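What's in protein25.cif: mmCIF, C-alpha atoms
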data_query
#
loop_
_atom_site.label_atom_id
_atom_site.label_comp_id
_atom_site.auth_asym_id
_atom_site.auth_seq_id
_atom_site.Cartn_x
_atom_site.Cartn_y
_atom_site.Cartn_z
CA MET A 1 11.08 21.02 -5.30
CA LYS A 2 12.75 22.33 -8.49
CA LYS A 3 16.11 21.75 -6.85
CA GLN A 4 15.19 18.12 -6.27
CA ILE A 5 14.25 17.54 -9.90
CA THR A 6 17.46 19.22 -11.09
CA THR A 7 19.47 16.88 -8.90
CA ALA A 8 17.59 13.86 -10.21
CA PHE A 9 18.20 14.82 -13.84
CA GLU A 10 21.55 16.52 -14.03
CA SER A 11 23.56 14.43 -11.59
CA LYS A 12 22.40 11.23 -13.29
CA SER A 13 23.33 11.96 -16.88
CA THR A 14 24.04 8.28 -17.48
CA GLN A 15 20.40 7.26 -17.17
CA PRO A 16 18.89 5.92 -20.41
CA GLY A 17 16.99 8.28 -22.66
CA TRP A 18 13.61 6.63 -22.16
CA LEU A 19 13.83 7.10 -18.40
CA ARG A 20 14.97 10.70 -18.67
CA LEU A 21 12.05 11.44 -21.00
CA LEU A 22 9.63 9.71 -18.63
CA ARG A 23 10.88 11.80 -15.72
CA GLU A 24 10.62 15.05 -17.66
CA GLU A 25 7.05 14.29 -18.73
CA ALA A 26 6.09 13.35 -15.18
CA TRP A 27 7.59 16.52 -13.71
CA GLU A 28 5.82 18.72 -16.24
CA ARG A 29 2.57 16.95 -15.44
CA PHE A 30 3.03 17.42 -11.70
CA GLN A 31 3.66 21.13 -12.20
CA ALA A 32 0.44 21.36 -14.20
CA LEU A 33 -1.63 19.38 -11.68
CA GLY A 34 -0.18 20.58 -8.39
CA TYR A 35 -1.39 19.20 -5.09
CA PRO A 36 -5.04 18.09 -5.11
CA ALA A 37 -7.39 20.83 -3.92
CA PRO A 38 -10.02 20.39 -1.17
CA HIS A 39 -12.81 20.51 -3.76
CA ASP A 40 -11.35 17.57 -5.74
CA GLU A 41 -13.86 14.74 -5.38
CA ASP A 42 -11.21 12.07 -4.91
CA TRP A 43 -9.65 14.02 -2.03
CA ARG A 44 -12.71 15.15 -0.14
CA GLY A 45 -12.29 14.49 3.56
CA THR A 46 -8.47 14.54 3.44
CA ASN A 47 -6.75 17.82 4.25
CA LEU A 48 -3.43 18.20 2.43
CA VAL A 49 -2.70 21.70 3.73
CA PRO A 50 -0.17 20.48 6.35
CA LEU A 51 1.66 18.53 3.64
CA ALA A 52 1.64 21.36 1.12
CA ALA A 53 2.77 23.87 3.75
CA THR A 54 5.86 21.83 4.71
CA THR A 55 9.17 22.40 2.94
CA PHE A 56 10.86 19.08 2.35
CA GLN A 57 14.51 18.51 1.56
CA ALA A 58 15.57 15.69 -0.76
CA ALA A 59 16.36 12.65 1.40
CA ARG A 60 19.96 11.48 1.32
CA PRO A 61 21.35 7.99 1.95
CA GLN A 62 21.96 7.13 5.59
CA PRO A 63 24.11 4.17 6.68
CA LEU A 64 22.48 1.69 9.06
CA ALA A 65 24.27 -1.08 10.91
CA THR A 66 21.18 -3.25 11.34
CA LEU A 67 17.76 -3.67 9.79
CA ASP A 68 15.39 -1.76 12.09
CA SER A 69 12.00 -2.91 10.80
CA PRO A 70 8.98 -2.97 13.14
CA LEU A 71 8.10 -6.43 11.82
CA GLY A 72 11.61 -7.85 11.81
CA GLU A 73 12.88 -9.99 8.97
CA LEU A 74 9.78 -12.25 8.95
CA GLY A 75 11.97 -15.22 8.15
CA CYS A 76 12.37 -14.12 4.52
CA GLY A 77 15.67 -15.21 3.06
CA ASN A 78 15.50 -12.73 0.19
CA ARG A 79 15.02 -9.03 0.74
CA LEU A 80 15.77 -5.63 -0.72
CA VAL A 81 16.18 -2.76 1.73
CA PHE A 82 16.01 0.92 0.86
CA VAL A 83 16.87 3.75 3.24
CA ASN A 84 15.46 7.16 2.33
CA GLY A 85 14.78 5.80 -1.15
CA TRP A 86 18.42 4.69 -1.67
CA PHE A 87 19.35 1.05 -2.01
CA ALA A 88 21.11 -0.37 1.08
CA PRO A 89 23.10 -3.42 -0.12
CA GLU A 90 24.57 -4.01 3.34
CA LEU A 91 21.05 -4.69 4.71
CA SER A 92 19.76 -6.62 1.71
CA GLN A 93 20.32 -10.31 1.09
CA HIS A 94 19.77 -12.97 -1.57
CA LYS A 95 19.57 -16.65 -0.66
CA ASP A 96 18.70 -19.58 -2.86
CA LEU A 97 16.63 -17.77 -5.44
CA PRO A 98 15.40 -20.33 -7.97
CA PRO A 99 16.24 -19.91 -11.64
CA GLY A 100 13.89 -17.52 -13.37
CA VAL A 101 13.57 -15.06 -10.46
CA GLN A 102 15.16 -11.64 -10.54
CA VAL A 103 15.14 -9.45 -7.43
CA ILE A 104 17.29 -6.36 -7.97
CA ASN A 105 17.59 -2.67 -7.32
CA PHE A 106 17.18 -0.47 -10.36
CA GLY A 107 18.81 2.88 -9.84
CA ASN A 108 19.34 5.53 -12.45
CA GLU A 109 22.58 3.87 -13.56
CA GLN A 110 21.06 0.36 -13.67
CA ALA A 111 17.77 1.25 -15.35
CA ASP A 112 18.75 0.19 -18.87
CA GLY A 113 16.83 -3.07 -19.18
CA ALA A 114 14.18 -4.47 -21.49
CA ALA A 115 11.75 -5.30 -18.66
CA LEU A 116 12.01 -1.84 -17.14
CA ALA A 117 11.70 -0.03 -20.44
CA ALA A 118 8.63 -2.09 -21.34
CA HIS A 119 6.83 -1.89 -17.98
CA LEU A 120 7.98 0.99 -15.76
CA GLY A 121 5.37 3.75 -15.79
CA ARG A 122 3.03 1.74 -18.01
CA TYR A 123 0.50 0.74 -15.35
CA ALA A 124 0.58 3.56 -12.79
CA ARG A 125 -0.28 6.42 -15.10
CA PHE A 126 0.45 9.95 -13.97
CA GLU A 127 -1.65 12.01 -16.38
CA GLN A 128 -4.33 12.61 -13.73
CA ALA A 129 -2.45 11.53 -10.61
CA ALA A 130 -0.25 14.22 -9.12
CA PHE A 131 1.55 12.05 -6.58
CA VAL A 132 2.27 9.30 -9.12
CA ALA A 133 3.76 12.01 -11.35
CA LEU A 134 5.86 13.33 -8.47
CA ASN A 135 7.19 9.88 -7.65
CA THR A 136 7.94 9.10 -11.30
CA ALA A 137 9.91 12.31 -11.63
CA LEU A 138 11.91 12.03 -8.42
CA PHE A 139 12.42 8.40 -7.39
CA HIS A 140 16.08 7.45 -7.02
CA ASP A 141 16.36 3.68 -6.57
CA GLY A 142 13.68 1.02 -6.89
CA ALA A 143 12.87 -2.66 -6.52
CA LEU A 144 12.38 -4.84 -9.59
CA ILE A 145 10.89 -8.27 -8.95
CA GLU A 146 10.54 -10.40 -12.07
CA ILE A 147 9.25 -13.96 -11.89
CA ASP A 148 9.39 -16.13 -15.00
CA ARG A 149 6.61 -18.40 -16.22
CA ARG A 150 5.72 -21.43 -14.08
CA VAL A 151 8.12 -20.46 -11.29
CA GLU A 152 6.79 -21.09 -7.78
CA LEU A 153 8.30 -19.47 -4.70
CA ASP A 154 8.04 -21.16 -1.32
CA GLU A 155 8.44 -18.00 0.75
CA PRO A 156 7.73 -14.30 0.17
CA LEU A 157 10.15 -11.74 -1.18
CA LEU A 158 10.57 -8.82 1.22
CA VAL A 159 10.99 -5.17 0.21
CA VAL A 160 11.65 -2.78 3.11
CA HIS A 161 11.51 1.02 2.78
CA LEU A 162 12.95 2.78 5.82
CA ALA A 163 12.95 6.51 6.55
CA VAL A 164 15.90 7.93 8.47
CA PRO A 165 15.25 11.69 8.43
CA GLY A 166 17.58 14.38 9.67
CA PRO A 167 16.80 17.60 11.56
CA GLU A 168 14.82 18.99 8.60
CA PRO A 169 11.74 17.36 7.01
CA VAL A 170 12.71 15.15 4.08
CA ALA A 171 10.84 13.55 1.19
CA TYR A 172 11.63 10.29 -0.55
CA TYR A 173 9.98 8.24 -3.27
CA PRO A 174 9.86 4.42 -2.97
CA ARG A 175 9.27 2.64 -6.27
CA THR A 176 8.53 -1.04 -6.90
CA LEU A 177 7.80 -2.97 -10.09
CA ILE A 178 6.48 -6.54 -9.80
CA LEU A 179 6.17 -8.74 -12.91
CA ALA A 180 4.53 -12.11 -12.26
CA GLY A 181 5.02 -14.38 -15.26
CA ARG A 182 2.55 -16.82 -16.76
CA ALA A 183 1.32 -19.48 -14.29
CA SER A 184 3.81 -18.31 -11.63
CA ARG A 185 3.16 -18.41 -7.87
CA ALA A 186 4.70 -15.83 -5.56
CA ALA A 187 4.22 -13.46 -2.62
CA VAL A 188 5.76 -10.03 -2.11
CA VAL A 189 5.76 -8.14 1.20
CA GLU A 190 6.38 -4.38 1.16
CA VAL A 191 7.05 -2.69 4.50
CA PHE A 192 7.18 1.10 5.00
CA ALA A 193 8.50 2.32 8.35
CA GLY A 194 10.13 5.26 10.08
CA PRO A 195 10.92 6.67 13.52
CA PRO A 196 8.37 8.35 15.78
CA GLY A 197 8.46 12.11 16.16
CA ALA A 198 10.18 12.79 12.82
CA ARG A 199 8.42 14.74 10.07
CA TYR A 200 8.97 13.26 6.61
CA PHE A 201 7.07 12.43 3.43
CA ALA A 202 7.03 8.97 1.83
CA ASN A 203 5.45 9.06 -1.64
CA ALA A 204 5.34 5.46 -2.89
CA VAL A 205 4.30 3.81 -6.15
CA THR A 206 4.03 0.07 -6.78
CA GLU A 207 3.22 -1.33 -10.23
CA ILE A 208 2.08 -4.93 -10.68
CA PHE A 209 1.53 -6.98 -13.81
CA ALA A 210 0.07 -10.46 -13.34
CA ALA A 211 0.37 -12.49 -16.56
CA GLU A 212 -2.02 -15.26 -17.63
CA GLY A 213 -2.67 -17.76 -14.86
CA ALA A 214 -0.35 -16.05 -12.35
CA LEU A 215 -1.09 -16.09 -8.61
CA LEU A 216 0.38 -13.18 -6.64
CA ASP A 217 -0.08 -12.29 -2.98
CA HIS A 218 0.90 -8.67 -2.35
CA TYR A 219 1.23 -7.33 1.19
CA LYS A 220 1.59 -3.60 1.87
CA ILE A 221 2.38 -2.84 5.53
CA GLN A 222 2.52 0.84 6.47
CA ALA A 223 4.07 1.50 9.88
CA GLU A 224 5.41 5.02 9.45
CA GLY A 225 6.30 7.36 12.30
CA ASP A 226 3.48 9.23 13.99
CA GLN A 227 4.44 12.59 12.43
CA ALA A 228 4.97 11.30 8.89
CA PHE A 229 3.01 11.76 5.67
CA HIS A 230 2.49 8.60 3.62
CA ILE A 231 0.85 8.69 0.20
CA ALA A 232 0.97 5.53 -1.89
CA THR A 233 -0.43 4.08 -5.09
CA VAL A 234 -0.59 0.39 -5.93
CA GLN A 235 -1.68 -0.19 -9.52
CA ALA A 236 -2.17 -3.69 -10.86
CA VAL A 237 -3.09 -4.98 -14.32
CA GLN A 238 -4.27 -8.59 -14.56
CA ASP A 239 -4.22 -10.87 -17.56
CA ARG A 240 -6.46 -13.87 -18.25
CA SER A 241 -7.24 -16.16 -15.27
CA SER A 242 -4.72 -14.42 -13.02
CA ILE A 243 -5.34 -14.05 -9.28
CA LEU A 244 -4.20 -11.10 -7.19
CA ASN A 245 -4.61 -11.12 -3.41
CA SER A 246 -3.89 -7.66 -2.02
CA HIS A 247 -3.43 -7.14 1.72
CA ASN A 248 -3.17 -3.49 2.78
CA VAL A 249 -2.45 -2.73 6.45
CA SER A 250 -2.16 0.88 7.70
CA LEU A 251 -0.84 1.35 11.23
CA GLY A 252 1.18 4.57 11.29
CA ALA A 253 1.64 8.07 9.87
CA SER A 254 -0.06 11.30 10.85
CA LEU A 255 -1.69 11.37 7.41
CA ALA A 256 -1.88 8.25 5.25
CA ARG A 257 -3.47 7.82 1.83
CA ASN A 258 -3.60 4.52 -0.06
CA ASP A 259 -4.84 4.17 -3.63
CA ILE A 260 -5.17 0.44 -4.35
CA ASN A 261 -6.34 -0.26 -7.90
CA SER A 262 -6.59 -3.24 -10.22
CA LEU A 263 -7.61 -3.50 -13.85
CA LEU A 264 -9.10 -6.93 -14.60
CA ASP A 265 -8.10 -6.75 -18.22
CA ALA A 266 -8.83 -10.25 -19.52
CA GLU A 267 -11.44 -12.95 -19.04
CA GLY A 268 -11.39 -15.00 -15.84
CA ALA A 269 -9.22 -12.65 -13.78
CA GLU A 270 -9.81 -12.59 -10.01
CA CYS A 271 -8.87 -9.90 -7.50
CA ASN A 272 -9.25 -9.95 -3.71
CA LEU A 273 -8.67 -6.71 -1.83
CA ASN A 274 -8.25 -6.98 1.93
CA GLY A 275 -7.56 -3.96 4.11
CA LEU A 276 -7.09 -3.22 7.80
CA PHE A 277 -6.46 0.27 9.13
CA LEU A 278 -5.89 1.47 12.68
CA ALA A 279 -5.91 5.13 13.67
CA SER A 280 -5.64 6.70 17.11
CA SER A 281 -5.01 10.12 18.61
CA SER A 282 -5.36 12.59 15.69
CA GLN A 283 -4.24 10.25 12.89
CA HIS A 284 -6.00 10.38 9.52
CA VAL A 285 -6.08 7.48 7.05
CA ASP A 286 -7.70 7.55 3.61
CA ASN A 287 -8.20 4.36 1.57
CA HIS A 288 -9.36 4.69 -2.04
CA THR A 289 -9.77 1.46 -4.00
CA ARG A 290 -10.81 0.85 -7.60
CA LEU A 291 -11.64 -2.49 -9.17
CA ASP A 292 -12.07 -2.05 -12.90
CA HIS A 293 -13.84 -5.03 -14.48
CA ALA A 294 -13.03 -4.57 -18.14
CA SER A 295 -13.59 -8.17 -19.33
CA PRO A 296 -16.26 -10.85 -18.86
CA ASN A 297 -16.30 -13.66 -16.30
CA CYS A 298 -14.12 -11.86 -13.78
CA SER A 299 -14.64 -11.81 -10.01
CA SER A 300 -13.58 -9.62 -7.13
CA ARG A 301 -13.97 -9.68 -3.36
CA GLU A 302 -13.19 -6.69 -1.16
CA LEU A 303 -13.21 -6.42 2.62
CA TYR A 304 -11.81 -3.36 4.42
CA LYS A 305 -11.99 -2.90 8.19
CA GLY A 306 -11.16 0.17 10.23
CA ILE A 307 -10.51 0.62 13.96
CA LEU A 308 -10.51 4.24 15.15
CA SER A 309 -10.01 5.78 18.58
CA GLY A 310 -9.30 9.19 20.08
CA THR A 311 -9.99 11.98 17.59
CA ALA A 312 -8.81 9.91 14.63
CA SER A 313 -10.53 10.23 11.26
CA ALA A 314 -10.70 8.04 8.19
CA VAL A 315 -12.04 7.88 4.66
CA PHE A 316 -12.97 4.78 2.71
CA ASN A 317 -13.94 5.13 -0.93
CA GLY A 318 -14.34 1.81 -2.71
CA ARG A 319 -15.25 1.94 -6.37
CA ILE A 320 -16.22 -1.03 -8.53
CA ILE A 321 -16.57 -0.40 -12.26
CA VAL A 322 -18.22 -2.98 -14.51
CA ARG A 323 -17.76 -2.03 -18.14
CA LYS A 324 -20.22 -2.71 -20.95
CA ASP A 325 -18.56 -5.89 -22.19
CA ALA A 326 -17.82 -7.29 -18.72
CA GLN A 327 -20.77 -9.66 -18.57
CA LYS A 328 -20.92 -12.38 -15.88
CA THR A 329 -19.02 -10.16 -13.43
CA ASN A 330 -19.21 -11.27 -9.80
CA ALA A 331 -18.17 -8.57 -7.33
CA ILE A 332 -18.70 -8.21 -3.59
CA GLN A 333 -17.52 -5.24 -1.53
CA SER A 334 -17.77 -4.58 2.20
CA ASN A 335 -16.41 -1.93 4.55
CA LYS A 336 -16.79 -2.40 8.32
CA ASN A 337 -15.67 0.16 10.88
CA LEU A 338 -15.29 0.08 14.65
CA LEU A 339 -15.30 3.42 16.50
CA LEU A 340 -13.80 3.20 19.98
CA SER A 341 -14.53 6.81 20.97
CA SER A 342 -17.28 9.34 20.37
CA ALA A 343 -14.80 11.76 18.74
CA ALA A 344 -13.54 9.35 16.06
CA THR A 345 -15.08 9.70 12.59
CA ILE A 346 -15.25 7.69 9.37
CA ASN A 347 -16.52 8.82 5.98
CA THR A 348 -17.32 5.67 4.01
CA LYS A 349 -18.50 5.58 0.42
CA PRO A 350 -18.81 2.23 -1.36
CA GLN A 351 -19.63 2.69 -5.05
CA LEU A 352 -20.88 0.56 -7.93
CA GLU A 353 -20.76 1.76 -11.53
CA ILE A 354 -22.36 -0.93 -13.68
CA PHE A 355 -22.69 -0.69 -17.46
CA ALA A 356 -23.42 -4.39 -18.12
CA ASP A 357 -26.73 -6.17 -17.54
CA ASP A 358 -25.71 -9.73 -16.61
CA VAL A 359 -23.78 -9.26 -13.38
CA ARG A 360 -23.89 -10.07 -9.68
CA CYS A 361 -22.60 -7.17 -7.59
CA THR A 362 -23.18 -6.18 -3.96
CA HIS A 363 -21.69 -3.57 -1.66
CA GLY A 364 -22.22 -2.28 1.84
CA ALA A 365 -20.73 -0.45 4.81
CA THR A 366 -21.23 -0.50 8.58
CA VAL A 367 -20.10 1.78 11.39
CA GLY A 368 -20.50 0.74 15.01
CA GLN A 369 -19.05 0.42 18.49
CA LEU A 370 -18.07 -2.53 20.64
CA ASP A 371 -20.95 -4.86 21.44
CA ARG A 372 -21.94 -4.06 25.03
CA GLU A 373 -23.51 -7.46 25.56
CA ALA A 374 -20.36 -9.25 24.40
CA LEU A 375 -18.27 -6.98 26.62
CA PHE A 376 -20.53 -7.70 29.61
CA TYR A 377 -20.37 -11.44 28.92
CA LEU A 378 -16.58 -11.47 28.98
CA GLN A 379 -16.44 -9.38 32.16
CA SER A 380 -18.97 -11.68 33.82
CA ARG A 381 -16.48 -14.51 33.23
CA GLY A 382 -13.83 -12.68 35.25
CA ILE A 383 -11.99 -10.98 32.39
CA PRO A 384 -10.96 -7.38 33.24
CA GLN A 385 -12.65 -4.69 31.15
CA ALA A 386 -9.47 -3.56 29.39
CA ARG A 387 -8.62 -7.14 28.39
CA ALA A 388 -12.20 -7.82 27.32
CA ARG A 389 -12.15 -4.78 25.05
CA SER A 390 -8.86 -5.90 23.54
CA LEU A 391 -10.18 -9.40 22.87
CA LEU A 392 -13.20 -8.03 21.00
CA ILE A 393 -11.04 -5.65 18.95
CA GLU A 394 -8.55 -8.39 18.12
CA ALA A 395 -11.40 -10.64 17.01
CA PHE A 396 -12.71 -7.84 14.77
CA ALA A 397 -9.30 -7.49 13.12
CA GLY A 398 -8.65 -11.23 13.11
CA GLU A 399 -10.88 -11.86 10.12
CA LEU A 400 -8.49 -9.81 7.97
CA LEU A 401 -5.33 -11.27 9.46
CA GLU A 402 -6.55 -14.80 8.84
CA LYS A 403 -6.77 -14.07 5.13
CA MET A 404 -2.99 -13.66 5.04
CA ARG A 405 -1.33 -16.91 4.07
CA TRP A 406 2.14 -16.01 5.34
CA ARG A 407 1.87 -17.02 9.01
CA PRO A 408 4.99 -15.19 10.33
CA LEU A 409 3.53 -11.93 9.06
CA THR A 410 0.11 -12.69 10.55
CA GLU A 411 1.67 -13.47 13.91
CA ALA A 412 3.83 -10.32 13.85
CA LEU A 413 0.84 -8.12 13.05
CA ALA A 414 -1.33 -9.80 15.68
CA SER A 415 1.36 -9.28 18.32
CA GLY A 416 1.80 -5.65 17.28
CA LEU A 417 -1.95 -5.07 17.45
CA ALA A 418 -2.19 -6.55 20.95
CA LEU A 419 0.74 -4.43 22.15
CA ARG A 420 -0.73 -1.27 20.68
CA LEU A 421 -4.14 -1.88 22.25
CA ALA A 422 -2.52 -2.52 25.63
CA LYS A 423 -0.59 0.77 25.45
CA GLU A 424 -3.71 2.70 24.49
CA GLU A 425 -5.60 1.22 27.44
CA GLU A 426 -2.78 2.31 29.77
CA LEU A 427 -3.02 5.90 28.51
CA LYS A 428 -6.74 6.16 29.26
#
Would you write out, as structure tokens, the structure that this file holds?
Amino acid sequence: MKKQITTAFESKSTQPGWLRLLREEAWERFQALGYPAPHDEDWRGTNLVPLAATTFQAARPQPLATLDSPLGELGCGNRLVFVNGWFAPELSQHKDLPPGVQVINFGNEQADGAALAAHLGRYARFEQAAFVALNTALFHDGALIEIDRRVELDEPLLVVHLAVPGPEPVAYYPRTLILAGRASRAAVVEVFAGPPGARYFANAVTEIFAAEGALLDHYKIQAEGDQAFHIATVQAVQDRSSILNSHNVSLGASLARNDINSLLDAEGAECNLNGLFLASSSQHVDNHTRLDHASPNCSSRELYKGILSGTASAVFNGRIIVRKDAQKTNAIQSNKNLLLSSAATINTKPQLEIFADDVRCTHGATVGQLDREALFYLQSRGIPQARARSLLIEAFAGELLEKMRWRPLTEALASGLALRLAKEEELK
């Protein structure tokens, strides 16, 4: 790991001083923190020993002739593609971006900009977050999406992070910064994917700032290879009357951890967190969310659903904080889980921390199996058992998919879900 940080610093002597200082501080902080221990409350239920025991090489750029994304191009005319954390201009494209929209790669040589200097590392703090510190120290290239005030985009901007590992396990560090200007309207889709059977580590950080009155839809689609480690942080800060719709879908990786957080930092902000996670075989997925209501008259809605089979395991920890001055807060949180086998497990912990007295907050969690009566009803109508099971599972997931406003993405995910369920039924 020291070799990686030396490469990041010394071979990129042209990087601006503020970025070099940020990297040095982040690396020192990671060395002090180390990997989270099993007794750390925020990591209970997630075993990091396999990750810590693996020696990872720094990922190098790999040329690709075509974009090999599990979801395809989704009809997006504008995309940035990164391979092993390195920008791939031959796979990226820009078409008809309206004035006031900037979609660029910021590498070490291109990082000297006012927006980056003012915002990078400001929202996703690394003082108490080891993996954010590690990413901040070691990321190579990154996606900057900047949308000026009152700009409205008709279709999403796509950011694709692909892993192309070699014979040895590799680690890479995707980084994205999204700045939604005042009263802007936009959607950003981030896709993380890699090949099956390969062992690699994707440590991602996405920072979001939604200015006053902005509306941003953010989609995070994780479809890593079945032997991969994926640890990601999405940190948003919302200004007055802004709206953030977060859609987090976890499909792959041997071990996946998502920290999805938003600070509602000014009056009237609204945040909607939607999550869907699928785990089969021995996969483990851990979703930690935090909605920090720091100002009055803010609202949040959270719905996370999990589908687990085989010996898969999962953790959901949803935390809503209502600070003393955040009167008139309206927050609703729900976690629903479907266990398809007796060996699958879920550890769910919805939390409310309320320090104000004029609020409306609710939370809850459910864990169950397929409804036998509904299954019997479908079979009695001539539907084979395997297909009946798939229909019920697809209906369970459909509530989350319908919340996504970008129909090509919804259709791609629905098709992928149906295909995956069919394959799992064949293996039984």
Exercise. Quick one: everything within 12 Å of A:Arg405, counting all atoms listed in the file, minus sequence neighbours fewer than 5 positions away in the same chain. Send it as an MDAnalysis selection string.
Key: chainID A and resid 154:156 186:189 216:219 245:247 400 410:411
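You will find atom CA of A:Lys403 at 16.9 Å from atom CA of A:Arg185.
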Could you give me, as CSV, a per-residue list for stretch 241-314 of chain A showing, wherever an atom lies at most 12 Å from an atom of stretch 110-131 of chain A, the closest pair of atoms and their distance in Å to one decimal, using all atoms listed in the file and sorting by chain then residue number from low to high?
residue,atom,partner,partner_atom,distance
A:Arg257,CA,A:Phe131,CA,10.7
A:Asn258,CA,A:Phe131,CA,11.2
A:Asp259,CA,A:Ala129,CA,10.4
A:Ile260,CA,A:Ala124,CA,10.7
A:Asn261,CA,A:Ala124,CA,9.3
A:Ser262,CA,A:Tyr123,CA,9.6
A:Leu263,CA,A:Tyr123,CA,9.3
A:Asp265,CA,A:Tyr123,CA,11.8
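The shortest atom-to-atom distance to A:Val132, with only C-alpha atoms taken into account, belongs to A:Arg23 out of A:Arg319, A:Lys328, A:Arg23, A:His94.
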Self-check item: d(atom CA of A:Pro196, atom CA of A:Gln227) in Å
Solution: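 Atom CA of A:Gln227 lies 6.7 Å from atom CA of A:Pro196.
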Quiz prompt | Exercise: A:Gly181 partners within 12 Å, all atoms listed in the file, chain neighbours under 6 positions left out, as number ranges by chain | solution = A: 100-102, 115, 145-152, 208-216, 238-240, 242-243
Quiz item: For A:Leu134, which residue out of A:Val49, A:Ile383, A:Ala388, A:Val205 is the nearest one, using only C-alpha atoms?
Solution: A:Val205
Quiz prompt | Distance in Å - atom CA of A:Ala228 versus atom CA of A:Gln31 | solution =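 Separating atom CA of A:Ala228 from atom CA of A:Gln31 is a distance of 23.3 Å.
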Taking the file above as input, evaluate the PyMOL selection byres ((chain A and resi 32-48) around 12) and report the hits as a tab-separated table (two decimals) with C-alpha atoms, in the coordinates of the input.
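Output below, filename result07.tsv:
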chain	number	residue	atom	x	y	z
A	1	MET	CA	11.08	21.02	-5.30
A	25	GLU	CA	7.05	14.29	-18.73
A	26	ALA	CA	6.09	13.35	-15.18
A	27	TRP	CA	7.59	16.52	-13.71
A	28	GLU	CA	5.82	18.72	-16.24
A	29	ARG	CA	2.57	16.95	-15.44
A	30	PHE	CA	3.03	17.42	-11.70
A	31	GLN	CA	3.66	21.13	-12.20
A	49	VAL	CA	-2.70	21.70	3.73
A	50	PRO	CA	-0.17	20.48	6.35
A	51	LEU	CA	1.66	18.53	3.64
A	52	ALA	CA	1.64	21.36	1.12
A	53	ALA	CA	2.77	23.87	3.75
A	54	THR	CA	5.86	21.83	4.71
A	126	PHE	CA	0.45	9.95	-13.97
A	127	GLU	CA	-1.65	12.01	-16.38
A	128	GLN	CA	-4.33	12.61	-13.73
A	129	ALA	CA	-2.45	11.53	-10.61
A	130	ALA	CA	-0.25	14.22	-9.12
A	131	PHE	CA	1.55	12.05	-6.58
A	132	VAL	CA	2.27	9.30	-9.12
A	133	ALA	CA	3.76	12.01	-11.35
A	134	LEU	CA	5.86	13.33	-8.47
A	229	PHE	CA	3.01	11.76	5.67
A	230	HIS	CA	2.49	8.60	3.62
A	231	ILE	CA	0.85	8.69	0.20
A	254	SER	CA	-0.06	11.30	10.85
A	255	LEU	CA	-1.69	11.37	7.41
A	256	ALA	CA	-1.88	8.25	5.25
A	257	ARG	CA	-3.47	7.82	1.83
A	258	ASN	CA	-3.60	4.52	-0.06
A	259	ASP	CA	-4.84	4.17	-3.63
A	283	GLN	CA	-4.24	10.25	12.89
A	284	HIS	CA	-6.00	10.38	9.52
A	285	VAL	CA	-6.08	7.48	7.05
A	286	ASP	CA	-7.70	7.55	3.61
A	287	ASN	CA	-8.20	4.36	1.57
A	288	HIS	CA	-9.36	4.69	-2.04
A	289	THR	CA	-9.77	1.46	-4.00
A	290	ARG	CA	-10.81	0.85	-7.60
A	313	SER	CA	-10.53	10.23	11.26
A	314	ALA	CA	-10.70	8.04	8.19
A	315	VAL	CA	-12.04	7.88	4.66
A	316	PHE	CA	-12.97	4.78	2.71
A	317	ASN	CA	-13.94	5.13	-0.93
A	318	GLY	CA	-14.34	1.81	-2.71
A	319	ARG	CA	-15.25	1.94	-6.37
A	345	THR	CA	-15.08	9.70	12.59
A	346	ILE	CA	-15.25	7.69	9.37
A	347	ASN	CA	-16.52	8.82	5.98
A	348	THR	CA	-17.32	5.67	4.01
A	349	LYS	CA	-18.50	5.58	0.42
Mind listing as a short mmCIF file (atom, residue, chain, number, x, y, z; two decimals) with C-alpha atoms, keeping the file's coordinate frame all residues within 10 Å of (-1.9, 3.9, 13.8), counting all atoms listed in the file?
data_model
loop_
_atom_site.label_atom_id
_atom_site.label_comp_id
_atom_site.auth_asym_id
_atom_site.auth_seq_id
_atom_site.Cartn_x
_atom_site.Cartn_y
_atom_site.Cartn_z
CA GLN A 222 2.52 0.84 6.47
CA ALA A 223 4.07 1.50 9.88
CA GLU A 224 5.41 5.02 9.45
CA GLY A 225 6.30 7.36 12.30
CA ASP A 226 3.48 9.23 13.99
CA VAL A 249 -2.45 -2.73 6.45
CA SER A 250 -2.16 0.88 7.70
CA LEU A 251 -0.84 1.35 11.23
CA GLY A 252 1.18 4.57 11.29
CA ALA A 253 1.64 8.07 9.87
CA SER A 254 -0.06 11.30 10.85
CA LEU A 255 -1.69 11.37 7.41
CA ALA A 256 -1.88 8.25 5.25
CA PHE A 277 -6.46 0.27 9.13
CA LEU A 278 -5.89 1.47 12.68
CA ALA A 279 -5.91 5.13 13.67
CA SER A 280 -5.64 6.70 17.11
CA SER A 281 -5.01 10.12 18.61
CA SER A 282 -5.36 12.59 15.69
CA GLN A 283 -4.24 10.25 12.89
CA HIS A 284 -6.00 10.38 9.52
CA VAL A 285 -6.08 7.48 7.05
CA ILE A 307 -10.51 0.62 13.96
CA LEU A 308 -10.51 4.24 15.15
CA SER A 309 -10.01 5.78 18.58
CA ALA A 312 -8.81 9.91 14.63
CA LEU A 417 -1.95 -5.07 17.45
CA ARG A 420 -0.73 -1.27 20.68
#
Quiz prompt | Residue IDs satisfying the PyMOL selection byres ((chain A and resi 359) around 9), as number ranges by chain | solution = A: 322, 326-331, 354, 356-358, 360-361
